[in-house]
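Notes follow the structure.
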Amino acid sequence: MRQPSPALRLTRLAAASSLLFAGAAAQAQTAAAPATAASAPQSQQLETVVVTGIRRSLETSVNLKRSASGLVDGIVAEDIGKFPDTNLAEAMSRISGVSIDRANGEGTKVTVRGMGPDFNLVLLNGRQMPGSNVDGSAPSSRSFDFSNLAAEGVSALEVYKTSRAGSPTGGMGATINIRTPRPFDSKETIASVGVKLVKDQSAQRLPDPEKGKNVTPELSGIYSTQLADGKFGIALIGSYQERDSGYNQANVSSGWHTFKGSDSGWGPLPNPAPEVKNRPGATDIYSVPQNMNYSFTGIHRERLNGQLVLQFRPVKELVGTLDYTMSEQKFRQTRNDISAWFNFGGQFGEYSPGPISSPIIYGEHMTNSDVAMGASRIRTKNKNQSLGLNLKWKATDALNFDLDAHHSTATSGAADPLGTSVTMGTASLNRGDTFVDFSNKFPVLSIANAPLNPALQELQGSVFGNSYQRNQVDQVQARGNWKIDADSNLDFGLSLTNVKNRSAFANVQRDTWGGGAAGGPAAMPDDIWHADSVSKYFSRIPGSNDPRLYNQMFVFNFDDLRNAAIKALGSDALLKASFDFKDDYRTTEKSQALFAQYNTGWEWGVPFEAALGARYERTKVNSPSVESIPTTVRWVSANELPITFNGTRSASRSGKYGYFLPSLDIAADVTPDTKLRLSYGQTIGRPGWSAIQGGQTLNGLARINGGEGSVGNPDLKPLKSRNIDFSAEHYYSKGSYISASYFHKSITNYIESVIANATPFDLHTPVGGTMYNQAISAGGCALTDSGCIRDYIFANFPNAPGVDVANKVITAQASDPALVFKLATQANSSRKASLNGIELNAQHTFSNGFGASVNYTRVRSGLAFKDGLVGAQFALVGLGDSGNVVGFYEDATYSARVAYNWRGKYLAANYGGTDGAQPLYVEPYGQVDISLGYNFNKNLTFQLEAINLTDEYTRTHMRTENQIGSVTQLGRRVMIGARYKF
């Protein structure tokens, strides 16, 4: 069953919201029917009611939007320690123009107005925050992961969609400020504790080795008070959370290869291809999958957050704030998977019509190939710390100064001596003809003549990867405000920012993917393999019950497999990570900025406000690196040539740039309740760390057609955007408004991938050598049949240099051809393009306790990926439409909220062009969340939340829907909690 189109979804969404508004309006009119004289006393009485909870949060957010200079949206906590959503990213997704990336069903990063996570700047109390993450290589992203911070320690989220001279640069989409509570915010002593129990359905939809706990706890507490007649204040906030979750995923984990129909050689379909129905034509673009994989991942997360804030007011004119914020997350993931690898020989199947063609069915004839099954685990720790000091001094009635300094770090690395991401492979070498049917939402892998048998299962290769990233921000900001007269003032200041990033990784790899080097099947005990089926773990996804599915697999415990491997190999030397990072990249950005902004107001028929500002920022980039030196290339299986590295070398590259960034905001109150805004500003978006780090990285695994790698370019210039925004806002009652905004971004300095062929380090490859060519000419092997070529060499050249028949390895010799690498780097382009969009908002609160809000954002740009082109191209990650409908009810005892969050198709990744550039699109996705609250008394409240109530799944694809990236089954998440306020 196909998912509805975005247009259809929004039609239903709009219809539902219209009914909600119409019904509530009818109730409001009925309530207003009595005579005015009778209702007047009631009206006067209502004005004395203290508004709390959801309504208070919405009204405060509206006031923030209405009174701000420029376009600002925000979310304010209902009370200290009571943020409306338990996840900050998910809370922000309720804001128009903001959409989120989800990881494991939880919001992590945000896209604003079509600009992806790397182009949105996150501040904590006005300070630039570092971000870090780890994966299998040196991390690149600058984006901030909102899952690091617990919502209980946040008082407000402010999203500045137009530029401000006083803000640090880097937020092309938006600058997002996270505000945390201060003891001087309230004269009252505040103390509360909260507890939650979380049940995540996805943790139970897993094979036994990956299953998590049925219920996990969350604890939080806050204490804030003032002492010594308001001269001293202290706030202490803490939270601890555990969560077990998981996901089951079908994906082409090793990627797709893209070709033109006229291409030949290794990889493309043969031409002619008698067993391929509707083979793509000479001018068509098409892709072939490298593999098909089903994986089952269990996740255990522990999160610890803490904030300590000390404030002092020795004299009325001076306020000092010393604060420390920390967050720590530990992730433990375990995974089993089953996969089939394709070698691009003996193809059969069917393709869709061109000009962009993709496989409906892709298959290959095989004999005794591998049914691969792996076990892996990821154990990482992310730690963020920020120590800051702020001094606010009212020098005179007309002059104020603000000095702020902080030292903040984000560190990610291994939480396990084995490494951050480790994988061990096993296989049964009995696979026959294999095909995948890509025509449904679920890709169906079918394998002939490969029954499961523990006696055939053997150890293959392994990768023990270890990554590390540390991002540090040291920043000093000095600001001043001069009140020139009753209607105008001047903001001015300077900032010094020093950002240091270190990205490092090391791999310990055992490349016996062909098997046989560890004693074969006899070396592995049969009792560690446990038979299971595939389809039951994908029951929510259409097509998973296809009878052609290879519906069998072994699941096994990672530690059991590793212990058996140590026994078989006689050593654990290749079965643990290295903490000696041979690839180590360090980048320093030093920026100095000056800014000034003149704010004024005047009457010209109607009240006007204006803010005219400018910021000049200069940045120097320096990037020394340590690079691994490759020494040997070995041909270990049909299409795998791992590279051995030995030793390191040092290198260094640098760059610099400076920008003058003007901004202008004009607002007019055309009526007491209607405001028009016009804004112009220039912003920049800095390149990712991998783009500017100076080192050269060669991939550790080459293929028949050569190797791949990358080299950084610290002299890259940031993207630059000229922005125009127009907004009309009507505030017709307290907490209620409608607004429409138009935005336009003209973007230059595009960063594009540039691919160059190179032969670094004088490496050689057996492919194309004398023995290789003889196998083709004398042995009768096809050019694309690398397995046949290997077998010929082993049979006819058993004693040749580099040929190891026993271990099925061929080592490259100096007389062999040079190994050609496709090296990707980044360069600024002279191209120009624009991005345009609209935002529509409506929010209404009724006198009977009901309320609703609805918003929709539409974004269009020439920066979309062009699916009909082969080769690298620049496209904006995150570009897409989004919408929300939220309805709520609240009275003194009960509260309820239902939220539908929708995001249209968008580009999630733009893969480089070393193997045919590929887009990765996330298909349209909608999710329903609910929240119920009960106030037992003024101190004790209870809450029930359900996330992803309708149990949706997510899916990604490349150029066409058949060219799947992944389809992921998640689950519902239910939380029940209590909060006691002392």
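In the structure tokens, the first chain shown is A, the next is B, and so on; residue numbers restart at 1 for each chain, and ligands run from 1 in the order shown.
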Next item on the list: Return as an MDAnalysis selection string the full set of residues in region 525-708 of chain A whose backbone-based DSSP assignment is strand (DSSP E).
Entry: chainID A and resid 530:532 553:555 583:603 607:635 641:671 674:685 696:698 701:702 707:708
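Nearest residue to Ile838 (chain A), choosing from A:Gly926, A:Gly107, A:Gly883, A:Pro183 and counting only C-alpha atoms: A:Gly883.
With only C-alpha atoms as the atoms that count, the minimum distance from Gly116 (chain A) to the choices A:Gly904, A:Pro924, A:Pro314, A:Gly173 is reached by A:Gly173.
For region 606-702 of chain A, backbone-based DSSP labels the following residues as helix (DSSP H, G or I): Trp689, Ser690, Ala691 and Ile692 of chain A.
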So that I have them on file, write out the residues from the current selection with C-alpha atoms, as a compact mmCIF listing (two decimals), in the first residue's frame.
```txt
# COMPACT_ATOMS: atom_id res chain seq x y z
CA TRP A 689 35.01 19.76 9.18
CA SER A 690 35.93 17.00 6.71
CA ALA A 691 35.80 19.54 3.87
CA ILE A 692 38.35 21.88 5.48
```
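The protein and nucleic acid residues lying at most 9 Å from His744 (chain A) are Arg722, Asn723, Ile724, Asp725, Ser834, Leu835, Asn836 and Gly837 of chain A, with only C-alpha atoms considered and sequence neighbours fewer than 6 positions away removed.
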Check: Near region 447-462 of chain A, within 9 Å and counting only C-alpha atoms, which residues show up once chain neighbours fewer than 2 positions away are dropped, as a ChimeraX atom specification?
Finding: /A:340,368,371-372,422-436,445,464,508-531,548-550,552-554,561,565,574-575
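Using only C-alpha atoms, the shortest contact distance between Gly74 (chain A) and any of A:Trp341, A:Phe492, A:Tyr925, A:Tyr160 is found at A:Tyr160.
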Next item on the list: Pick out the closest residue to Ala395 (chain A) from this set: A:Gly480, A:Gly768, A:Pro274, A:Gly706. Count only C-alpha atoms.
Entry: A:Gly480
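With only C-alpha atoms as the atoms that count, the residue of A:Thr409, A:Gln774, A:Thr283, A:Thr297 with the shortest distance to Leu206 (chain A) is A:Thr297.
Separating CA of Thr968 (chain A) from CA of Gln249 (chain A) is a distance of 4.4 Å.
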Next item on the list: Identify which of the residues A:Leu869, A:Ala824, A:Ile810, A:Ala899 lies closest to Pro355 (chain A), counting only C-alpha atoms when measuring atom-to-atom distances.
Entry: A:Leu869
Skipping near chain neighbours, those fewer than 2 positions away, what residues fall within 10 Å of region 189-191 of chain A using only C-alpha atoms, listed as a PDB file with C-alpha atoms, in the first residue's frame?
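File produced: part11.pdb:
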```pdb
ATOM      1  CA  ILE A  80      10.418  25.716  35.432  1.00  0.00           C
ATOM      2  CA  GLY A  81      11.382  22.115  34.781  1.00  0.00           C
ATOM      3  CA  PRO A 183      17.714  31.941  39.933  1.00  0.00           C
ATOM      4  CA  SER A 186      11.901  34.258  39.921  1.00  0.00           C
ATOM      5  CA  LYS A 187      11.852  35.640  43.443  1.00  0.00           C
ATOM      6  CA  VAL A 193      11.281  16.346  41.351  1.00  0.00           C
ATOM      7  CA  GLY A 221      15.015  17.552  39.796  1.00  0.00           C
ATOM      8  CA  ILE A 222      15.374  21.312  40.063  1.00  0.00           C
ATOM      9  CA  TYR A 223      16.105  23.682  42.924  1.00  0.00           C
ATOM     10  CA  SER A 224      16.304  27.463  42.567  1.00  0.00           C
ATOM     11  CA  THR A 225      16.336  30.153  45.240  1.00  0.00           C
ATOM     12  CA  GLN A 226      17.554  33.628  46.137  1.00  0.00           C
ATOM     13  CA  LEU A 227      19.459  34.500  49.287  1.00  0.00           C
ATOM     14  CA  GLY A 233      20.991  33.124  43.824  1.00  0.00           C
ATOM     15  CA  ILE A 234      21.614  29.481  43.152  1.00  0.00           C
ATOM     16  CA  ALA A 235      19.967  27.038  40.743  1.00  0.00           C
ATOM     17  CA  LEU A 236      20.733  23.349  40.510  1.00  0.00           C
ATOM     18  CA  ILE A 237      19.156  21.167  37.828  1.00  0.00           C
ATOM     19  CA  TYR A 980       6.005  16.948  42.633  1.00  0.00           C
ATOM     20  CA  LYS A 981       6.553  20.639  43.288  1.00  0.00           C
ATOM     21  CA  PHE A 982       7.515  21.555  46.841  1.00  0.00           C
TER      22      PHE A 982
END
```
Kindly assemble as JSON lines a list of the region 150-264 of chain A residues that lie within 12 Å of region 577-592 of chain A, each paired with its nearest atom pair and their distance in Å to one decimal, using only C-alpha atoms, sorted first by chain and then by ascending residue number.
```
{"residue": "A:Pro168", "atom": "CA", "partner": "A:Ser591", "partner_atom": "CA", "distance": 9.9}
{"residue": "A:Thr169", "atom": "CA", "partner": "A:Ser591", "partner_atom": "CA", "distance": 9.9}
{"residue": "A:Gly170", "atom": "CA", "partner": "A:Ser591", "partner_atom": "CA", "distance": 11.8}
```
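CA of Ile176 (chain A) is found 22.0 Å from CA of Ala728 (chain A).
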Check: What does the distance between CA of Thr108 (chain A) and CA of Ala91 (chain A) come to in Å, to one decimal place?
Finding: 10.9 Å
Next item on the list: May I have the residues within 12 Å of Asn440 (chain A) as a list of chain:residue names, using only C-alpha atoms and disregarding those fewer than 2 positions away in the same chain?
Entry: A:Met1, A:Arg2, A:Gln3, A:Pro359, A:Ile360, A:Ile361, A:Val436, A:Asp437, A:Phe438, A:Phe442, A:Pro443, A:Val444, A:Leu445, A:Ile541, A:Pro542, A:Gly543, A:Ser544, A:Asn545, A:Asp546, A:Arg955, A:Glu961, A:Asn962, A:Gln963, A:Ile964, A:Val967
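For region 594-605 of chain A, the residues within 7 Å (counting only C-alpha atoms, excluding itself and residues fewer than 3 positions away along the chain) are Ala165, Gly166, Asp487, Ser488, Asn489, Leu490, Asp491, Phe492, Gly493, Leu494, Ser495, Phe608, Glu609, Ala610, Ala611, Leu612, Gly613, Ala614, Arg615, Tyr616 and Glu617 of chain A.
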Write the residues of the preceding selection, restricted to C-alpha atoms, as a tab-separated table (two decimals), in the first residue's frame.
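Final file, result-v4.tsv:
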```tsv
chain	number	residue	atom	x	y	z
A	165	ALA	CA	24.34	41.86	13.87
A	166	GLY	CA	25.02	40.80	17.45
A	487	ASP	CA	13.01	56.40	20.75
A	488	SER	CA	16.44	55.16	19.73
A	489	ASN	CA	19.45	53.25	21.01
A	490	LEU	CA	22.65	51.71	19.73
A	491	ASP	CA	23.90	48.15	20.29
A	492	PHE	CA	27.62	47.60	19.71
A	493	GLY	CA	30.29	45.10	20.59
A	494	LEU	CA	33.01	42.72	19.59
A	495	SER	CA	33.69	39.02	19.91
A	608	PHE	CA	7.39	52.15	12.92
A	609	GLU	CA	10.41	50.35	14.35
A	610	ALA	CA	13.72	49.74	12.61
A	611	ALA	CA	17.01	48.05	13.38
A	612	LEU	CA	19.94	48.76	11.05
A	613	GLY	CA	23.05	46.74	11.77
A	614	ALA	CA	26.28	45.40	10.38
A	615	ARG	CA	28.81	42.79	11.42
A	616	TYR	CA	32.33	42.32	10.13
A	617	GLU	CA	33.90	38.94	10.81
```
